[in-house]
$ cat protein.csv   # CSV, C-alpha atoms and all ligand atoms
chain,number,residue,atom,x,y,z
A,1,MET,CA,123.3,163.5,47.1
A,2,ILE,CA,123.6,165.9,50.1
A,3,GLY,CA,126.9,166.3,52.0
A,4,VAL,CA,127.0,166.9,55.7
A,5,LEU,CA,130.1,168.1,57.4
A,6,GLY,CA,130.0,167.1,61.1
A,7,ALA,CA,128.7,163.8,62.4
A,8,GLY,CA,127.6,165.1,65.8
A,9,ALA,CA,124.1,164.8,67.1
A,10,PHE,CA,122.6,167.4,64.8
A,11,GLY,CA,124.4,166.5,61.6
A,12,THR,CA,123.6,162.8,62.1
A,13,ALA,CA,119.9,163.6,62.8
A,14,LEU,CA,119.5,165.7,59.7
A,15,ALA,CA,121.3,163.0,57.6
A,16,ILE,CA,118.8,160.4,59.0
A,17,ALA,CA,115.8,162.6,58.2
A,18,LEU,CA,116.9,163.2,54.6
A,19,ALA,CA,118.0,159.6,54.0
A,20,ARG,CA,114.7,158.3,55.3
A,21,HIS,CA,113.0,160.5,52.8
A,22,GLY,CA,115.0,159.0,49.9
A,23,THR,CA,118.0,161.4,49.6
A,24,PRO,CA,121.4,159.7,49.7
A,25,VAL,CA,123.7,161.4,52.2
A,26,ALA,CA,127.5,161.6,52.5
A,27,LEU,CA,128.6,162.4,56.0
A,28,TRP,CA,132.0,163.7,57.0
A,29,ALA,CA,133.5,163.0,60.4
A,30,ARG,CA,137.0,163.9,61.5
A,31,ASP,CA,137.6,160.7,63.4
A,32,PRO,CA,137.8,157.3,61.9
A,33,GLU,CA,136.0,155.6,64.8
A,34,THR,CA,132.8,157.5,64.1
A,35,VAL,CA,133.1,156.7,60.4
A,36,ALA,CA,133.6,153.0,61.1
A,37,ALA,CA,130.6,153.0,63.5
A,38,ILE,CA,128.3,154.6,61.0
A,39,ASN,CA,129.4,152.5,58.0
A,40,HIS,CA,129.7,149.1,59.8
A,41,THR,CA,127.1,149.2,62.5
A,42,HIS,CA,124.8,152.1,61.3
A,43,ARG,CA,125.2,153.7,64.7
A,44,ALA,CA,126.5,157.2,65.5
A,45,PRO,CA,128.3,157.8,68.8
A,46,ARG,CA,126.8,161.2,69.4
A,47,LEU,CA,123.3,160.0,68.8
A,48,PRO,CA,122.9,156.8,70.7
A,49,GLY,CA,119.8,154.8,70.1
A,50,ALA,CA,119.3,155.9,66.5
A,51,THR,CA,119.8,153.5,63.6
A,52,LEU,CA,121.1,155.1,60.4
A,53,PRO,CA,119.6,154.2,57.0
A,54,ASP,CA,122.3,152.4,54.8
A,55,THR,CA,122.0,155.2,52.2
A,56,ILE,CA,124.1,157.3,54.6
A,57,THR,CA,127.8,156.8,54.0
A,58,ALA,CA,130.4,158.3,56.3
A,59,SER,CA,133.9,159.3,55.3
A,60,THR,CA,137.0,161.1,56.7
A,61,ASP,CA,137.6,162.5,53.2
A,62,ILE,CA,136.3,166.0,53.4
A,63,ALA,CA,137.0,166.9,49.7
A,64,ARG,CA,134.8,164.0,48.6
A,65,VAL,CA,131.9,165.0,50.8
A,66,ALA,CA,132.2,168.7,49.9
A,67,ARG,CA,131.6,167.9,46.2
A,68,ALA,CA,127.8,167.7,46.9
A,69,GLU,CA,125.7,170.4,45.3
A,70,THR,CA,124.2,171.1,48.7
A,71,LEU,CA,126.4,171.0,51.8
A,72,LEU,CA,125.1,171.1,55.4
A,73,LEU,CA,127.6,172.4,58.0
A,74,ALA,CA,126.8,170.8,61.3
A,75,THR,CA,130.0,171.3,63.4
A,76,PRO,CA,130.0,173.6,66.4
A,77,MET,CA,130.1,177.3,65.6
A,78,GLN,CA,133.6,178.0,66.8
A,79,SER,CA,135.1,175.3,64.6
A,80,LEU,CA,133.1,176.3,61.5
A,81,HIS,CA,135.9,178.5,59.9
A,82,ALA,CA,138.6,175.8,60.6
A,83,VAL,CA,136.4,173.1,59.0
A,84,LEU,CA,135.7,175.2,55.9
A,85,SER,CA,139.4,176.0,55.6
A,86,GLN,CA,140.0,172.2,55.3
A,87,VAL,CA,138.0,172.2,52.1
A,88,ALA,CA,140.3,173.2,49.3
A,89,SER,CA,137.6,173.8,46.7
A,90,PRO,CA,136.1,177.4,46.6
A,91,LEU,CA,132.6,175.7,46.5
A,92,THR,CA,131.6,178.0,43.6
A,93,GLY,CA,127.9,178.1,43.1
A,94,GLN,CA,127.3,175.3,45.7
A,95,ARG,CA,124.6,175.8,48.3
A,96,VAL,CA,126.3,175.8,51.7
A,97,VAL,CA,123.8,175.6,54.6
A,98,ALA,CA,125.0,176.4,58.1
A,99,CYS,CA,123.2,174.3,60.7
A,100,CYS,CA,125.1,175.6,63.7
A,101,LYS,CA,124.0,178.3,66.1
A,102,GLY,CA,126.4,181.0,67.4
A,103,ILE,CA,128.6,183.9,66.7
A,104,ASP,CA,132.3,183.5,65.9
A,105,VAL,CA,134.4,185.0,68.7
A,106,THR,CA,137.2,185.9,66.3
A,107,ASP,CA,135.4,187.9,63.6
A,108,LEU,CA,132.1,188.5,65.5
A,109,THR,CA,129.9,187.3,62.6
A,110,GLY,CA,127.3,184.5,62.5
A,111,PRO,CA,127.6,181.3,60.4
A,112,THR,CA,126.7,182.9,57.0
A,113,GLY,CA,129.3,185.6,57.6
A,114,VAL,CA,131.9,182.9,58.3
A,115,ILE,CA,130.9,181.1,55.0
A,116,ALA,CA,131.1,184.3,53.1
A,117,ARG,CA,134.6,185.0,54.4
A,118,ALA,CA,135.9,181.5,53.8
A,119,LYS,CA,134.1,180.6,50.6
A,120,PRO,CA,132.9,183.9,49.0
A,121,GLN,CA,131.8,182.1,45.8
A,122,ALA,CA,129.4,179.7,47.6
A,123,ILE,CA,125.7,180.4,48.2
A,124,ALA,CA,125.4,180.8,51.9
A,125,ALA,CA,122.2,179.8,53.8
A,126,ILE,CA,121.2,178.9,57.4
A,127,LEU,CA,118.9,176.2,58.7
A,128,THR,CA,117.8,177.0,62.3
A,129,GLY,CA,114.9,176.8,64.7
A,130,PRO,CA,113.4,174.8,67.6
A,131,SER,CA,114.7,171.3,67.2
A,132,PHE,CA,116.4,168.6,69.3
A,133,ALA,CA,118.5,166.2,67.3
A,134,ASP,CA,116.8,163.2,69.0
A,135,ASP,CA,113.3,164.5,67.9
A,136,ILE,CA,114.4,164.9,64.3
A,137,ALA,CA,116.1,161.4,64.3
A,138,ARG,CA,112.9,159.9,65.7
A,139,GLY,CA,110.9,161.5,62.9
A,140,LEU,CA,108.8,163.7,65.2
A,141,PRO,CA,107.3,166.8,63.6
A,142,THR,CA,109.7,169.7,63.5
A,143,ALA,CA,109.5,173.2,61.9
A,144,LEU,CA,112.6,175.2,61.1
A,145,THR,CA,113.6,178.3,59.2
A,146,LEU,CA,115.6,178.0,56.0
A,147,ALA,CA,117.0,181.5,55.3
A,148,CYS,CA,119.0,182.5,52.3
A,149,ALA,CA,119.6,186.0,50.9
A,150,ASP,CA,119.4,184.5,47.4
A,151,ALA,CA,115.6,183.9,47.1
A,152,ASP,CA,115.8,181.4,44.3
A,153,ALA,CA,118.4,179.3,46.0
A,154,GLY,CA,116.4,179.5,49.2
A,155,TRP,CA,113.3,178.2,47.4
A,156,ARG,CA,115.3,175.2,46.0
A,157,LEU,CA,116.8,174.5,49.4
A,158,GLN,CA,113.4,174.5,51.0
A,159,ARG,CA,112.1,172.1,48.5
A,160,ASP,CA,115.1,169.7,48.7
A,161,LEU,CA,115.5,169.7,52.5
A,162,SER,CA,111.8,169.4,53.6
A,163,THR,CA,110.4,166.0,54.5
A,164,PRO,CA,106.9,165.0,55.6
A,165,THR,CA,108.0,165.6,59.2
A,166,LEU,CA,110.7,168.3,58.8
A,167,ARG,CA,108.8,171.3,57.7
A,168,LEU,CA,110.9,174.3,56.5
A,169,TYR,CA,109.7,177.8,56.4
A,170,ARG,CA,111.6,180.0,53.9
A,171,SER,CA,113.1,183.5,54.5
A,172,THR,CA,115.6,185.8,52.8
A,173,ASP,CA,116.6,187.3,56.2
A,174,ALA,CA,119.7,185.1,56.9
A,175,ILE,CA,121.1,187.7,59.4
A,176,GLY,CA,117.9,187.7,61.5
A,177,ALA,CA,117.6,183.9,61.4
A,178,GLU,CA,121.2,183.2,62.5
A,179,LEU,CA,121.1,185.9,65.2
A,180,GLY,CA,117.9,184.5,66.7
A,181,GLY,CA,119.5,181.0,66.8
A,182,ALA,CA,122.7,182.3,68.3
A,183,LEU,CA,121.3,184.6,70.9
A,184,LYS,CA,118.6,182.3,72.3
A,185,ASN,CA,121.4,180.0,73.6
A,186,VAL,CA,122.7,182.9,75.7
A,187,ILE,CA,119.3,183.7,77.2
A,188,ALA,CA,118.8,179.9,77.8
A,189,ILE,CA,121.9,179.9,80.0
A,190,ALA,CA,120.5,182.9,82.0
A,191,CYS,CA,117.1,181.0,82.4
A,192,GLY,CA,118.9,177.9,83.6
A,193,ALA,CA,120.9,179.8,86.1
A,194,CYS,CA,117.7,181.5,87.3
A,195,ILE,CA,115.9,178.2,87.9
A,196,GLY,CA,119.0,176.6,89.3
A,197,ILE,CA,119.5,179.2,92.0
A,198,GLY,CA,115.8,179.0,92.9
A,199,LEU,CA,114.3,182.2,91.6
A,200,GLY,CA,111.2,180.5,90.0
A,201,ASP,CA,109.1,180.5,86.9
A,202,SER,CA,108.0,184.2,87.1
A,203,ALA,CA,111.6,185.3,87.0
A,204,ARG,CA,112.3,183.0,84.1
A,205,ALA,CA,109.4,184.5,82.1
A,206,ALA,CA,110.9,188.0,82.8
A,207,LEU,CA,114.3,186.9,81.6
A,208,MET,CA,112.9,185.3,78.5
A,209,THR,CA,110.9,188.5,77.7
A,210,ARG,CA,113.7,190.9,78.4
A,211,GLY,CA,116.2,188.6,76.8
A,212,PHE,CA,114.0,188.6,73.6
A,213,ALA,CA,114.2,192.4,73.8
A,214,GLU,CA,118.0,192.2,73.8
A,215,MET,CA,118.0,189.7,70.9
A,216,SER,CA,115.8,192.0,68.9
A,217,ARG,CA,117.8,195.1,69.8
A,218,LEU,CA,121.1,193.6,68.6
A,219,ALA,CA,119.6,191.8,65.5
A,220,THR,CA,117.7,194.8,64.2
A,221,THR,CA,120.8,197.0,64.7
A,222,LEU,CA,122.7,194.5,62.5
A,223,GLY,CA,120.0,194.7,59.8
A,224,ALA,CA,117.6,191.8,60.7
A,225,ARG,CA,113.9,192.2,60.2
A,226,ALA,CA,111.9,192.3,63.5
A,227,ASN,CA,109.4,189.7,62.3
A,228,THR,CA,112.2,187.2,61.7
A,229,LEU,CA,113.0,187.4,65.4
A,230,ALA,CA,109.3,186.7,66.2
A,231,GLY,CA,109.5,183.5,64.1
A,232,LEU,CA,110.8,179.9,64.6
A,233,SER,CA,114.4,180.9,64.6
A,234,GLY,CA,114.0,183.5,67.3
A,235,LEU,CA,111.0,183.3,69.6
A,236,GLY,CA,110.3,179.7,68.7
A,237,ASP,CA,113.7,178.4,69.6
A,238,LEU,CA,113.9,180.7,72.6
A,239,SER,CA,110.7,179.1,74.0
A,240,LEU,CA,112.1,175.6,73.5
A,241,THR,CA,115.6,176.2,74.8
A,242,CYS,CA,114.7,178.2,77.9
A,243,THR,CA,112.2,175.7,79.2
A,244,SER,CA,113.5,172.2,78.3
A,245,ASP,CA,115.8,170.1,80.4
A,246,LEU,CA,116.9,168.5,77.1
A,247,SER,CA,118.8,171.7,76.2
A,248,ARG,CA,122.5,171.7,76.9
A,249,ASN,CA,122.6,175.5,77.2
A,250,TYR,CA,119.7,175.5,79.7
A,251,ARG,CA,121.3,172.6,81.7
A,252,PHE,CA,124.7,174.4,81.7
A,253,GLY,CA,122.8,177.4,83.2
A,254,LEU,CA,121.1,175.2,85.8
A,255,ALA,CA,124.6,173.9,86.9
A,256,LEU,CA,125.8,177.5,87.2
A,257,GLY,CA,122.8,178.4,89.4
A,258,ARG,CA,123.2,175.3,91.5
A,259,GLY,CA,126.9,175.6,91.8
A,260,THR,CA,127.5,172.1,90.4
A,261,THR,CA,129.9,170.9,87.7
A,262,PHE,CA,129.0,170.4,84.0
A,263,ASP,CA,130.3,167.8,81.5
A,264,ALA,CA,132.9,169.9,79.5
A,265,SER,CA,132.6,167.5,76.5
A,266,LEU,CA,129.1,168.7,75.7
A,267,THR,CA,128.6,171.4,73.1
A,268,VAL,CA,127.3,174.6,74.8
A,269,GLU,CA,127.2,177.2,72.1
A,270,GLY,CA,125.9,180.0,74.3
A,271,VAL,CA,129.2,180.5,76.3
A,272,LYS,CA,131.4,181.7,73.5
A,273,THR,CA,128.4,183.5,71.9
A,274,ALA,CA,127.8,185.5,75.1
A,275,GLU,CA,131.5,186.6,74.9
A,276,ALA,CA,131.1,187.5,71.2
A,277,VAL,CA,127.8,189.4,71.8
A,278,THR,CA,129.3,191.4,74.7
A,279,ARG,CA,132.2,192.6,72.4
A,280,LEU,CA,129.8,193.3,69.6
A,281,ALA,CA,127.5,195.3,71.8
A,282,ALA,CA,130.4,197.3,73.1
A,283,ARG,CA,131.4,198.0,69.5
A,284,LEU,CA,127.9,199.1,68.5
A,285,GLY,CA,127.2,201.0,71.7
A,286,LEU,CA,124.3,198.8,72.7
A,287,ASP,CA,123.1,197.9,76.3
A,288,LEU,CA,122.6,194.1,76.6
A,289,PRO,CA,122.7,193.5,80.3
A,290,ILE,CA,121.4,189.9,80.3
A,291,CYS,CA,123.9,188.8,77.6
A,292,ARG,CA,126.7,190.6,79.4
A,293,SER,CA,125.8,188.9,82.7
A,294,VAL,CA,125.9,185.5,81.0
A,295,ALA,CA,129.3,186.2,79.6
A,296,GLU,CA,130.6,187.3,83.0
A,297,VAL,CA,129.1,184.4,85.0
A,298,SER,CA,130.2,181.8,82.4
A,299,GLY,CA,133.6,183.3,82.4
A,300,GLY,CA,133.8,183.0,86.2
A,301,THR,CA,134.3,186.8,86.9
A,302,VAL,CA,130.9,187.3,88.5
A,303,SER,CA,128.7,185.0,90.6
A,304,VAL,CA,125.1,184.2,89.6
A,305,GLY,CA,123.9,185.9,92.8
A,306,ASP,CA,125.8,189.1,92.1
A,307,ALA,CA,124.7,189.2,88.5
A,308,ILE,CA,121.0,188.9,89.6
A,309,THR,CA,121.4,191.7,92.2
A,310,ARG,CA,123.0,193.9,89.6
A,311,LEU,CA,120.3,193.3,87.0
A,312,LEU,CA,117.5,194.0,89.6
A,313,ASN,CA,119.2,197.2,90.8
A,314,ARG,CA,119.4,198.9,87.3
A,315,PRO,CA,117.4,202.1,87.0
A,316,LEU,CA,113.7,201.6,86.3
A,317,LYS,CA,112.8,201.8,82.6
A,318,GLU,CA,109.9,202.2,80.2
A,319,GLU,CA,109.0,199.0,78.4
B,401,LIG,N1,122.0,168.7,69.1
B,401,LIG,C1,120.9,169.4,68.8
B,401,LIG,O1,119.8,169.1,69.2
B,401,LIG,C2,121.0,170.6,67.9
B,401,LIG,C3,119.9,171.1,67.3
B,401,LIG,C4,119.9,172.2,66.5
B,401,LIG,C5,121.2,172.8,66.2
B,401,LIG,N2,122.3,172.3,66.8
B,401,LIG,C6,123.5,172.9,66.5
B,401,LIG,O2,124.4,172.0,65.7
B,401,LIG,C7,125.7,172.4,66.0
B,401,LIG,C8,126.4,171.1,66.3
B,401,LIG,O3,125.9,170.6,67.5
B,401,LIG,P1,125.7,169.1,67.9
B,401,LIG,O4,124.7,169.0,68.9
B,401,LIG,O5,125.7,168.2,66.7
B,401,LIG,O6,127.1,168.9,68.6
B,401,LIG,P2,127.8,167.5,69.1
B,401,LIG,O7,128.6,167.9,70.3
B,401,LIG,O8,126.8,166.4,69.1
B,401,LIG,O9,128.8,167.2,67.9
B,401,LIG,C9,129.8,168.0,67.5
B,401,LIG,C10,130.6,167.3,66.4
B,401,LIG,O10,131.5,168.2,65.8
B,401,LIG,C11,132.7,167.6,65.8
B,401,LIG,N3,133.7,168.7,65.9
B,401,LIG,C12,134.0,169.5,66.9
B,401,LIG,N4,135.0,170.3,66.7
B,401,LIG,C13,135.4,170.0,65.4
B,401,LIG,C14,136.4,170.5,64.5
B,401,LIG,N5,137.2,171.4,64.9
B,401,LIG,N6,136.5,169.9,63.3
B,401,LIG,C15,135.7,168.9,63.0
B,401,LIG,N7,134.7,168.4,63.7
B,401,LIG,C16,134.6,169.0,64.9
B,401,LIG,C17,132.8,166.7,67.0
B,401,LIG,O11,133.7,165.6,66.8
B,401,LIG,C18,131.3,166.2,67.0
B,401,LIG,O12,131.2,165.0,66.2
B,401,LIG,C19,125.7,173.4,67.1
B,401,LIG,O13,126.0,174.7,66.6
B,401,LIG,C20,124.3,173.3,67.7
B,401,LIG,O14,123.9,174.5,68.2
B,401,LIG,C21,122.2,171.2,67.6
B,402,LIG,O1,121.0,171.5,73.4
B,402,LIG,P1,121.1,173.0,72.9
B,402,LIG,O2,120.9,173.9,74.1
B,402,LIG,O3,122.3,173.2,72.1
B,402,LIG,O4,119.8,173.2,72.1
B,402,LIG,C1,119.6,172.4,70.9
B,402,LIG,C2,118.8,173.2,69.9
B,402,LIG,O5,119.5,174.4,69.5
B,402,LIG,C3,117.4,173.5,70.3
B,402,LIG,O6,116.7,174.1,69.2

$ encode --input "protein.csv" --output "structure tokens" --more "lines below"
Ligand SMILES: NC(=O)c1ccc[n+]([C@@H]2O[C@H](COP(=O)([O-])OP(=O)(O)OC[C@H]3O[C@@H](n4cnc5c(N)ncnc54)[C@H](O)[C@@H]3O)[C@@H](O)[C@H]2O)c1
Ligand SMILES: O=P(O)(O)OC[C@H](O)CO
Amino acid sequence: MIGVLGAGAFGTALAIALARHGTPVALWARDPETVAAINHTHRAPRLPGATLPDTITASTDIARVARAETLLLATPMQSLHAVLSQVASPLTGQRVVACCKGIDVTDLTGPTGVIARAKPQAIAAILTGPSFADDIARGLPTALTLACADADAGWRLQRDLSTPTLRLYRSTDAIGAELGGALKNVIAIACGACIGIGLGDSARAALMTRGFAEMSRLATTLGARANTLAGLSGLGDLSLTCTSDLSRNYRFGLALGRGTTFDASLTVEGVKTAEAVTRLAARLGLDLPICRSVAEVSGGTVSVGDAITRLLNRPLKEE
């Protein structure tokens, strides 16, 4: 039995993939309507079109779901600490796998840092990489990074969570994997804004490349390995998110660039993460101009046009 906290698009998609492969899944959702829809109609409101196997059972009882030996956390990043706080158990020795992407604006740590703070006796891991929930739910081939500082636990998680179409690569660099996943969303907003305002594909390629340099600068300063950033969780997810209209972060950026409105009910992790990254960079004395621009434009203090002018007018540098 695997427990999944969060019945949004991603939690539901992972539940479907695992259940289809023969693993029973208990899924926690906070609202009873979602639970009823899953249990009675095998449909999930956040993943329309998907039919859920009947070995997925949904519940509003977080304590029951959290008893599973392996627990996947699939709520948005900024609610991760609050959700873990609702679990009374210390989760001692349980494998707790964050499936969200971002940096907490309160304590400026990634998902495994939040797990360590809330449940220090749990084994924290992160599952991240290029993947749209719809693709996973449809059973399309997807490759992700499963990172856990505890090598043995990571090996067991890789074995238990891989399926014929969900291919997990193992790493012990949880910091590198989670920072790649968090930061690519910020760069995707920048790329969306660049295309939205009409700067074209060459400018987007420049933003992706210089954005990757910022991702690597911050992550390696915080102890990540450079080759983790070059893997699925970093470069792989950056490529997907900065180029696909299916990405909410990219589409949010497009709306910023076009000056149009964006559906506020959608999860756009890059906004709060840009804010957190800017504060983290200031604390560490790092220059991350693209991330800072995304924070300012998303926060409404600078226009897309002014941010671009400022980026282009920076002193010339060595690559
Ligand atoms: N959707 C994808 O394709 C995808 C792919 C990879 C990773 N992710 C990551 O998964 C995480 C979740 O994204 P999603 O797409 O599933 O989001 P979503 O918007 O589809 O669903 C979020 C779910 O979390 C619930 N939720 C929100 N705040 C909550 C709180 N305080 N307490 C309890 N539940 C709460 C909502 O009710 C909703 O069911 C994000 O970090 C995202 O980056 C998503
Ligand atoms: O829709 P987004 O922008 O949250 O992207 C979804 C996944 O993170 C892509 O890997």

$ residues_near_ligand --input "protein.csv" --ligand "ligand LIG 402 (chain B)" --cutoff "7 Å" --atoms "all atoms listed in the file" --output "list of chain:residue names"
A:Lys101, A:Gly129, A:Pro130, A:Ser131, A:Phe132, A:Asn185, A:Asp237, A:Leu240, A:Thr241, A:Leu246, A:Ser247, A:Arg248, A:Asn249, A:Tyr250, A:Thr267, A:Val268, A:Glu269

$ residues_near_ligand --input "protein.csv" --ligand "ligand LIG 401 (chain B)" --cutoff "8 Å" --atoms "all atoms listed in the file" --output "PDB file with C-alpha atoms, in the frame of the given file"
ATOM      1  CA  LEU A   5     130.100 168.100  57.400  1.00  0.00           C
ATOM      2  CA  GLY A   6     130.000 167.100  61.100  1.00  0.00           C
ATOM      3  CA  ALA A   7     128.700 163.800  62.400  1.00  0.00           C
ATOM      4  CA  GLY A   8     127.600 165.100  65.800  1.00  0.00           C
ATOM      5  CA  ALA A   9     124.100 164.800  67.100  1.00  0.00           C
ATOM      6  CA  PHE A  10     122.600 167.400  64.800  1.00  0.00           C
ATOM      7  CA  GLY A  11     124.400 166.500  61.600  1.00  0.00           C
ATOM      8  CA  THR A  12     123.600 162.800  62.100  1.00  0.00           C
ATOM      9  CA  ALA A  29     133.500 163.000  60.400  1.00  0.00           C
ATOM     10  CA  ARG A  30     137.000 163.900  61.500  1.00  0.00           C
ATOM     11  CA  ASP A  31     137.600 160.700  63.400  1.00  0.00           C
ATOM     12  CA  THR A  34     132.800 157.500  64.100  1.00  0.00           C
ATOM     13  CA  ARG A  46     126.800 161.200  69.400  1.00  0.00           C
ATOM     14  CA  LEU A  47     123.300 160.000  68.800  1.00  0.00           C
ATOM     15  CA  ALA A  74     126.800 170.800  61.300  1.00  0.00           C
ATOM     16  CA  THR A  75     130.000 171.300  63.400  1.00  0.00           C
ATOM     17  CA  PRO A  76     130.000 173.600  66.400  1.00  0.00           C
ATOM     18  CA  MET A  77     130.100 177.300  65.600  1.00  0.00           C
ATOM     19  CA  GLN A  78     133.600 178.000  66.800  1.00  0.00           C
ATOM     20  CA  SER A  79     135.100 175.300  64.600  1.00  0.00           C
ATOM     21  CA  LEU A  80     133.100 176.300  61.500  1.00  0.00           C
ATOM     22  CA  ALA A  82     138.600 175.800  60.600  1.00  0.00           C
ATOM     23  CA  VAL A  83     136.400 173.100  59.000  1.00  0.00           C
ATOM     24  CA  CYS A  99     123.200 174.300  60.700  1.00  0.00           C
ATOM     25  CA  CYS A 100     125.100 175.600  63.700  1.00  0.00           C
ATOM     26  CA  LYS A 101     124.000 178.300  66.100  1.00  0.00           C
ATOM     27  CA  GLY A 102     126.400 181.000  67.400  1.00  0.00           C
ATOM     28  CA  THR A 128     117.800 177.000  62.300  1.00  0.00           C
ATOM     29  CA  GLY A 129     114.900 176.800  64.700  1.00  0.00           C
ATOM     30  CA  PRO A 130     113.400 174.800  67.600  1.00  0.00           C
ATOM     31  CA  SER A 131     114.700 171.300  67.200  1.00  0.00           C
ATOM     32  CA  PHE A 132     116.400 168.600  69.300  1.00  0.00           C
ATOM     33  CA  ALA A 133     118.500 166.200  67.300  1.00  0.00           C
ATOM     34  CA  ASP A 134     116.800 163.200  69.000  1.00  0.00           C
ATOM     35  CA  GLY A 181     119.500 181.000  66.800  1.00  0.00           C
ATOM     36  CA  ALA A 182     122.700 182.300  68.300  1.00  0.00           C
ATOM     37  CA  SER A 247     118.800 171.700  76.200  1.00  0.00           C
ATOM     38  CA  SER A 265     132.600 167.500  76.500  1.00  0.00           C
ATOM     39  CA  LEU A 266     129.100 168.700  75.700  1.00  0.00           C
ATOM     40  CA  THR A 267     128.600 171.400  73.100  1.00  0.00           C
ATOM     41  CA  VAL A 268     127.300 174.600  74.800  1.00  0.00           C
ATOM     42  CA  GLU A 269     127.200 177.200  72.100  1.00  0.00           C
TER      43      GLU A 269
END

$ atom_distance --input "protein.csv" --atom1 "atom CA of A:Ala17" --atom2 "atom CA of A:Asn39"
16.9 Å

$ atom_distance --input "protein.csv" --atom1 "atom CA of A:Gly180" --atom2 "atom CA of A:Ser233"
5.4 Å

$ atom_distance --input "protein.csv" --atom1 "atom CA of A:Pro111" --atom2 "atom CA of A:Thr261"
29.3 Å

$ closest_residue --input "protein.csv" --among "A:Pro48, A:Gly3, A:Gly192, A:Gly257" --to "A:Leu73" --atoms "all atoms listed in the file"
A:Gly3

$ residues_around --input "protein.csv" --residues "stretch 21-25 of chain A" --least-positions-apart "4" --cutoff "7 Å" --atoms "only C-alpha atoms" --output "PyMOL selection string"
chain A and resi 1-3+15+17+55-57+163

$ closest_atom_pairs --input "protein.csv" --of "stretch 167-202 of chain A" --to "stretch 214-224 of chain A" --cutoff "7 Å" --atoms "only C-alpha atoms" --output "JSON lines"
{"residue": "A:Asp173", "atom": "CA", "partner": "A:Ala224", "partner_atom": "CA", "distance": 6.4}
{"residue": "A:Ile175", "atom": "CA", "partner": "A:Ala224", "partner_atom": "CA", "distance": 5.5}
{"residue": "A:Gly176", "atom": "CA", "partner": "A:Ala224", "partner_atom": "CA", "distance": 4.2}
{"residue": "A:Leu179", "atom": "CA", "partner": "A:Ala219", "partner_atom": "CA", "distance": 6.1}
{"residue": "A:Gly180", "atom": "CA", "partner": "A:Met215", "partner_atom": "CA", "distance": 6.7}
{"residue": "A:Leu183", "atom": "CA", "partner": "A:Met215", "partner_atom": "CA", "distance": 6.1}

$ write_last_selection --input "protein.csv" --atoms "C-alpha atoms" --output "PDB file, keeping the file's coordinate frame"
ATOM      1  CA  ASP A 173     116.600 187.300  56.200  1.00  0.00           C
ATOM      2  CA  ILE A 175     121.100 187.700  59.400  1.00  0.00           C
ATOM      3  CA  GLY A 176     117.900 187.700  61.500  1.00  0.00           C
ATOM      4  CA  LEU A 179     121.100 185.900  65.200  1.00  0.00           C
ATOM      5  CA  GLY A 180     117.900 184.500  66.700  1.00  0.00           C
ATOM      6  CA  LEU A 183     121.300 184.600  70.900  1.00  0.00           C
TER       7      LEU A 183
END

$ residues_around --input "protein.csv" --residues "stretch 104-109 of chain A" --least-positions-apart "6" --cutoff "8 Å" --atoms "all atoms listed in the file" --output "NGL selection string"
:A and (77-78 or 272-273 or 275-277 or 280)

$ residues_around --input "protein.csv" --residues "A:Thr112" --least-positions-apart "2" --cutoff "7 Å" --atoms "only C-alpha atoms" --output "list in words"
Ala98, Gly110, Val114, Ile115, Ala116, Ala124, Ala125 and Ile126 of chain A

$ closest_residue --input "protein.csv" --among "A:Asp263, A:Asp152, A:Asp287, A:Asp160" --to "A:Thr172" --atoms "only C-alpha atoms"
A:Asp152

$ closest_residue --input "protein.csv" --among "A:Leu127, A:Leu91, A:Leu199, A:Leu166" --to "A:Ile16" --atoms "only C-alpha atoms"
A:Leu166
